[in-house]
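**Q** One structure is given below, represented as structure tokens, and several questions about it will come after.
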Amino acid sequence: MTDPGRAAGVPSEGRGEGVAARRRIPLLLAVTGVAYALDLGSKLAVVAGLENRAPVQLIGGWLELQVMRNPGGAFGIASAMTIVLTIVATTVAVVIVRLSRKLYSAPWAIALGLLLGGALGNLTDRLFRSPGGFEGAVVDFISVSGFSVMNLADWAIFCGGVLIVVYSFLGWELDGTGRETGRERAETA
């Protein structure tokens with residue numbers, strides 16, 4: 001019987017066991033595609049329907065839809081460094097694509113897919129929105145009272161980042177393995 005992991009060139013000690021021992025690139029791509037499509041679709045809809053109009057109040061004024069063009073990063077930081085933010089988003093995308101070769105974990109595929117989808121959503125704005133060519137302003141439209149104005153790409157990046165931190169603390173690896181706890185080491189000794 002041939003080990004499917006070996007056929008893919010992955011040593012069996014370097015990946016998770018059982019069904020989880022296959023690459024999660026399709027899941028990564030699916031999550032990326034959904035996050036990107038939701039972000040792009042929502043931006044197209046709010047620009048067409050809400051730009052140059054009064055904000056739409058939701059949840060008692062705590063949340064409103066208000067179209068803003070943001071040349072900077074989160075919270076308007078680095079608004080004079082749009083090209084740098086474009087390079088950072090491109091670098092994030094390249095790093096995730098390179099990491100996907102080692103991706104055998106479904107939770108990591110979801111986290112990285114959210115991060116990649118969000119990065120591509122904002123990168124699309126930087127490349128194609130006015131003034132264009134690496135300096136485009138990102139469309140933000142979800143205004144949380146007293147906090148910030150964001151878009152769905154920002155939320156995807158935030159959620160993906162939180163998941164990555166949690167998985168790192170839990171010791172979950174990209175290849176589907178995890179760190180042994182002291183109890184597990186004692187039981188196998």
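By convention in this document, the chains of the structure tokens carry letters A, B, ... by their order, each chain's residues are numbered from 1, and ligands are numbered from 1 in the order they are shown.
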Residues at most 12 Å from Phe128 of chain A, counting only C-alpha atoms, excluding those fewer than 4 positions away in the same chain, as an MDAnalysis selection string?
**A** chainID A and resid 40 86 120:124 132:139
**Q** Print the selection's residues with N, CA, C and O atoms to a file, as a CSV table (one decimal), in the first residue's frame.
**A**
```csv
chain,number,residue,atom,x,y,z
A,40,LEU,N,-14.8,42.5,-2.3
A,40,LEU,CA,-14.9,43.2,-3.6
A,40,LEU,C,-16.3,43.5,-3.9
A,40,LEU,O,-16.7,44.7,-4.2
A,86,THR,N,1.3,48.8,-0.1
A,86,THR,CA,1.1,48.0,-1.3
A,86,THR,C,2.2,46.9,-1.3
A,86,THR,O,1.8,45.7,-1.6
A,120,LEU,N,-5.5,40.6,-0.5
A,120,LEU,CA,-5.8,40.8,-1.9
A,120,LEU,C,-6.9,41.8,-2.2
A,120,LEU,O,-6.9,42.6,-3.1
A,121,GLY,N,-7.9,41.8,-1.3
A,121,GLY,CA,-9.0,42.8,-1.4
A,121,GLY,C,-8.5,44.2,-1.3
A,121,GLY,O,-8.8,45.1,-2.1
A,122,ASN,N,-7.6,44.5,-0.3
A,122,ASN,CA,-7.1,45.8,-0.1
A,122,ASN,C,-6.0,46.1,-1.2
A,122,ASN,O,-5.9,47.3,-1.7
A,123,LEU,N,-5.3,45.1,-1.6
A,123,LEU,CA,-4.3,45.3,-2.7
A,123,LEU,C,-5.0,45.7,-4.0
A,123,LEU,O,-4.5,46.5,-4.8
A,124,THR,N,-6.2,45.1,-4.3
A,124,THR,CA,-6.9,45.4,-5.5
A,124,THR,C,-7.3,46.9,-5.5
A,124,THR,O,-7.1,47.6,-6.5
A,132,GLY,N,-4.7,55.3,-8.5
A,132,GLY,CA,-4.2,54.2,-9.3
A,132,GLY,C,-2.8,53.9,-9.1
A,132,GLY,O,-2.1,54.6,-8.3
A,133,GLY,N,-2.3,52.8,-9.7
A,133,GLY,CA,-0.9,52.4,-9.7
A,133,GLY,C,-0.2,52.4,-8.4
A,133,GLY,O,0.6,53.2,-8.2
A,134,PHE,N,-0.5,51.5,-7.5
A,134,PHE,CA,0.1,51.3,-6.2
A,134,PHE,C,-0.2,52.4,-5.2
A,134,PHE,O,0.2,52.3,-4.1
A,135,GLU,N,-1.0,53.4,-5.6
A,135,GLU,CA,-1.3,54.5,-4.6
A,135,GLU,C,-2.8,54.7,-4.5
A,135,GLU,O,-3.3,55.7,-3.9
A,136,GLY,N,-3.6,53.7,-4.9
A,136,GLY,CA,-5.1,53.9,-4.7
A,136,GLY,C,-5.5,53.8,-3.3
A,136,GLY,O,-4.9,53.2,-2.4
A,137,ALA,N,-6.6,54.5,-3.0
A,137,ALA,CA,-7.1,54.6,-1.7
A,137,ALA,C,-8.1,53.4,-1.5
A,137,ALA,O,-8.9,53.1,-2.4
A,138,VAL,N,-8.0,52.8,-0.3
A,138,VAL,CA,-8.9,51.7,0.0
A,138,VAL,C,-10.3,52.2,0.4
A,138,VAL,O,-10.4,53.2,1.0
A,139,VAL,N,-11.3,51.5,-0.1
A,139,VAL,CA,-12.7,51.9,0.3
A,139,VAL,C,-13.0,51.3,1.6
A,139,VAL,O,-13.0,50.0,1.8
```
**Q** For Ala106 of chain A, work out the shell of residues within 12 Å, counting only C-alpha atoms and skipping chain neighbours fewer than 5 positions away, then give it as a VMD selection string.
**A** chain A and resid 16 19 to 31 100 111 to 113 163 167 172 to 177
**Q** Write the residues of the selection above to a file with N, CA, C and O atoms, as an mmCIF file, in the first residue's frame.
**A**
```
data_model
loop_
_atom_site.group_PDB
_atom_site.id
_atom_site.type_symbol
_atom_site.label_atom_id
_atom_site.label_comp_id
_atom_site.auth_asym_id
_atom_site.auth_seq_id
_atom_site.Cartn_x
_atom_site.Cartn_y
_atom_site.Cartn_z
ATOM 1 N N GLY A 16 0.361 15.769 9.702
ATOM 2 C CA GLY A 16 -0.646 15.192 10.583
ATOM 3 C C GLY A 16 -0.974 13.772 10.180
ATOM 4 O O GLY A 16 -0.533 13.280 9.157
ATOM 5 N N VAL A 19 -6.827 11.285 7.881
ATOM 6 C CA VAL A 19 -7.454 12.061 6.815
ATOM 7 C C VAL A 19 -6.842 13.446 6.696
ATOM 8 O O VAL A 19 -6.745 14.008 5.620
ATOM 9 N N ALA A 20 -6.395 14.006 7.811
ATOM 10 C CA ALA A 20 -5.832 15.355 7.809
ATOM 11 C C ALA A 20 -4.478 15.416 7.118
ATOM 12 O O ALA A 20 -3.898 16.473 6.994
ATOM 13 N N ALA A 21 -3.949 14.277 6.663
ATOM 14 C CA ALA A 21 -2.611 14.226 6.096
ATOM 15 C C ALA A 21 -2.580 14.581 4.614
ATOM 16 O O ALA A 21 -1.723 14.135 3.896
ATOM 17 N N ARG A 22 -3.487 15.400 4.155
ATOM 18 C CA ARG A 22 -3.417 15.863 2.767
ATOM 19 C C ARG A 22 -3.330 17.379 2.770
ATOM 20 O O ARG A 22 -3.769 18.037 3.694
ATOM 21 N N ARG A 23 -2.755 17.889 1.723
ATOM 22 C CA ARG A 23 -2.588 19.332 1.631
ATOM 23 C C ARG A 23 -3.938 20.028 1.657
ATOM 24 O O ARG A 23 -4.920 19.534 1.124
ATOM 25 N N ARG A 24 -3.940 21.194 2.261
ATOM 26 C CA ARG A 24 -5.178 21.972 2.419
ATOM 27 C C ARG A 24 -5.219 23.184 1.491
ATOM 28 O O ARG A 24 -5.893 24.152 1.773
ATOM 29 N N ILE A 25 -4.525 23.088 0.372
ATOM 30 C CA ILE A 25 -4.497 24.195 -0.580
ATOM 31 C C ILE A 25 -5.893 24.493 -1.137
ATOM 32 O O ILE A 25 -6.270 25.660 -1.240
ATOM 33 N N PRO A 26 -6.707 23.484 -1.479
ATOM 34 C CA PRO A 26 -8.062 23.818 -1.947
ATOM 35 C C PRO A 26 -8.881 24.592 -0.904
ATOM 36 O O PRO A 26 -9.606 25.529 -1.251
ATOM 37 N N LEU A 27 -8.743 24.227 0.365
ATOM 38 C CA LEU A 27 -9.447 24.960 1.420
ATOM 39 C C LEU A 27 -8.908 26.383 1.539
ATOM 40 O O LEU A 27 -9.677 27.339 1.654
ATOM 41 N N LEU A 28 -7.596 26.543 1.489
ATOM 42 C CA LEU A 28 -6.976 27.868 1.504
ATOM 43 C C LEU A 28 -7.522 28.723 0.364
ATOM 44 O O LEU A 28 -7.922 29.874 0.565
ATOM 45 N N LEU A 29 -7.558 28.152 -0.833
ATOM 46 C CA LEU A 29 -8.051 28.895 -1.999
ATOM 47 C C LEU A 29 -9.538 29.224 -1.889
ATOM 48 O O LEU A 29 -9.972 30.314 -2.285
ATOM 49 N N ALA A 30 -10.322 28.304 -1.343
ATOM 50 C CA ALA A 30 -11.762 28.550 -1.180
ATOM 51 C C ALA A 30 -12.014 29.683 -0.191
ATOM 52 O O ALA A 30 -12.811 30.593 -0.467
ATOM 53 N N VAL A 31 -11.344 29.655 0.958
ATOM 54 C CA VAL A 31 -11.523 30.717 1.958
ATOM 55 C C VAL A 31 -11.029 32.047 1.391
ATOM 56 O O VAL A 31 -11.677 33.082 1.554
ATOM 57 N N SER A 100 2.022 27.711 1.702
ATOM 58 C CA SER A 100 0.989 26.734 1.350
ATOM 59 C C SER A 100 1.580 25.385 0.946
ATOM 60 O O SER A 100 0.901 24.367 1.022
ATOM 61 N N ALA A 111 -7.255 30.284 8.498
ATOM 62 C CA ALA A 111 -6.624 31.521 8.961
ATOM 63 C C ALA A 111 -5.834 32.201 7.841
ATOM 64 O O ALA A 111 -5.971 33.413 7.617
ATOM 65 N N LEU A 112 -5.020 31.433 7.139
ATOM 66 C CA LEU A 112 -4.212 32.000 6.061
ATOM 67 C C LEU A 112 -5.087 32.433 4.887
ATOM 68 O O LEU A 112 -4.784 33.424 4.215
ATOM 69 N N GLY A 113 -6.177 31.718 4.634
ATOM 70 C CA GLY A 113 -7.112 32.113 3.580
ATOM 71 C C GLY A 113 -7.772 33.454 3.885
ATOM 72 O O GLY A 113 -7.932 34.294 2.995
ATOM 73 N N LEU A 163 -6.624 34.233 14.632
ATOM 74 C CA LEU A 163 -6.526 32.773 14.556
ATOM 75 C C LEU A 163 -5.075 32.307 14.516
ATOM 76 O O LEU A 163 -4.707 31.327 15.174
ATOM 77 N N TYR A 167 -3.493 29.756 17.171
ATOM 78 C CA TYR A 167 -2.898 28.488 16.750
ATOM 79 C C TYR A 167 -1.431 28.401 17.178
ATOM 80 O O TYR A 167 -0.954 27.331 17.544
ATOM 81 N N TRP A 172 -0.158 24.519 17.331
ATOM 82 C CA TRP A 172 -0.585 23.866 16.095
ATOM 83 C C TRP A 172 0.337 24.313 14.967
ATOM 84 O O TRP A 172 0.607 25.490 14.798
ATOM 85 N N GLU A 173 0.774 23.369 14.178
ATOM 86 C CA GLU A 173 1.707 23.649 13.092
ATOM 87 C C GLU A 173 0.991 23.625 11.737
ATOM 88 O O GLU A 173 -0.070 23.020 11.593
ATOM 89 N N LEU A 174 1.607 24.247 10.741
ATOM 90 C CA LEU A 174 1.054 24.263 9.382
ATOM 91 C C LEU A 174 0.876 22.859 8.820
ATOM 92 O O LEU A 174 -0.017 22.607 8.025
ATOM 93 N N ASP A 175 1.763 21.962 9.230
ATOM 94 C CA ASP A 175 1.722 20.612 8.676
ATOM 95 C C ASP A 175 0.711 19.708 9.380
ATOM 96 O O ASP A 175 0.645 18.519 9.111
ATOM 97 N N GLY A 176 -0.084 20.267 10.282
ATOM 98 C CA GLY A 176 -1.119 19.491 10.948
ATOM 99 C C GLY A 176 -0.675 18.829 12.230
ATOM 100 O O GLY A 176 -1.454 18.152 12.881
ATOM 101 N N THR A 177 0.571 19.025 12.610
ATOM 102 C CA THR A 177 1.062 18.461 13.864
ATOM 103 C C THR A 177 0.968 19.511 14.956
ATOM 104 O O THR A 177 0.722 20.674 14.700
#
```
**Q** Give the answer as one residue: which of A:Trp108, A:Trp62, A:Tyr36, A:Phe147 has the shortest atom-to-atom distance to Leu170 of chain A, using only C-alpha atoms?
**A**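 Ranking A:Trp108, A:Trp62, A:Tyr36, A:Phe147 by distance to Leu170 of chain A, first place goes to A:Trp108.
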**Q** Would you give me, as an MDAnalysis selection string, the residues in segment 74-175 of chain A that DSSP reads as strand (DSSP E or B)?
**A** chainID A and resid 138:144 148:150 172
**Q** For the residues in the current selection, export C-alpha atoms as a compact mmCIF listing (two decimals), in the first residue's frame.
**A**
```txt
# COMPACT_ATOMS: atom_id res chain seq x y z
CA VAL A 138 -8.90 51.67 -0.02
CA VAL A 139 -12.70 51.88 0.27
CA ASP A 140 -13.72 51.70 3.92
CA PHE A 141 -17.39 51.74 4.89
CA ILE A 142 -18.12 49.94 8.17
CA SER A 143 -17.98 52.61 10.88
CA VAL A 144 -18.00 51.42 14.47
CA SER A 148 -12.65 53.10 13.21
CA VAL A 149 -14.00 52.85 9.68
CA MET A 150 -13.11 49.52 8.05
CA TRP A 172 -0.59 23.87 16.09
```
**Q** If you measure from atom CA of Lys43 of chain A to atom CA of Ala153 of chain A, what distance in Å do you get, rounded to one decimal?
**A**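 Calculated distance between atom CA of Lys43 of chain A and atom CA of Ala153 of chain A is 9.8 Å.
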**Q** Go through A:Leu127, A:Leu38, A:Val67, A:Ala156 and flag the residue nearest Leu85 of chain A, using only C-alpha atoms for the distances.
**A**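 Comparing A:Leu127, A:Leu38, A:Val67, A:Ala156 against Leu85 of chain A, the winner is A:Leu127.
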**Q** Please report the interatomic distance between atom CA of Leu103 of chain A and atom CA of Asp39 of chain A in Å with one decimal.
**A**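 Atom-to-atom, atom CA of Leu103 of chain A and atom CA of Asp39 of chain A are spaced 24.4 Å apart.
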**Q** Rounded to one decimal in Å, what is the spacing between atom CA of Ile96 of chain A and atom CA of Ile157 of chain A?
**A**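 Atom CA of Ile157 of chain A lies 12.7 Å from atom CA of Ile96 of chain A.
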**Q** Counting only C-alpha atoms, which residue out of A:Val166, A:Phe158, A:Gly146, A:Asp125 sits closest to Gly61 of chain A?
**A** A:Gly146
**Q** If DSSP is run on the backbone, what residues of segment 84-158 of chain A are helix (DSSP H, G or I)? A reply as JSON, numbers by chain would be ideal.
**A** {"A": [84, 85, 86, 87, 88, 89, 90, 91, 92, 93, 94, 95, 96, 97, 98, 99, 100, 101, 102, 106, 107, 108, 109, 110, 111, 112, 113, 114, 115, 116, 117, 118, 119, 120, 121, 122, 123, 124, 125, 126, 127, 128, 152, 153, 154, 155, 156, 157, 158]}
**Q** So, with only C-alpha atoms as the atoms that count, which of A:Ile87, A:Gly117, A:Tyr104, A:Cys159 lies closest to Gly178 of chain A?
**A**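 Smallest distance to Gly178 of chain A is found for A:Tyr104.
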**Q** Which polymer residues have any atom within 9 Å of an atom of Pro55 of chain A, counting only C-alpha atoms, with same-chain residues fewer than 3 positions away left out, as a list in words?
**A**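 Those residues are Leu50, Glu51, Glu64, Leu65, Gln66 and Val67 of chain A.
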**Q** With N, CA and C atoms retained, write the just-selected residues as a compact mmCIF listing (two decimals), in the first residue's frame.
**A**
```txt
# COMPACT_ATOMS: atom_id res chain seq x y z
N LEU A 50 -23.86 54.17 -1.83
CA LEU A 50 -23.74 55.03 -0.66
C LEU A 50 -22.75 56.18 -0.78
N GLU A 51 -21.86 56.12 -1.75
CA GLU A 51 -20.86 57.18 -1.84
C GLU A 51 -21.53 58.52 -2.12
N GLU A 64 -22.54 52.27 11.60
CA GLU A 64 -23.11 52.93 10.43
C GLU A 64 -22.30 52.59 9.19
N LEU A 65 -22.98 52.71 8.05
CA LEU A 65 -22.33 52.52 6.76
C LEU A 65 -22.01 53.90 6.21
N GLN A 66 -20.72 54.14 6.01
CA GLN A 66 -20.25 55.46 5.60
C GLN A 66 -19.03 55.25 4.71
N VAL A 67 -19.11 55.62 3.45
CA VAL A 67 -18.01 55.39 2.51
C VAL A 67 -16.92 56.43 2.71
```
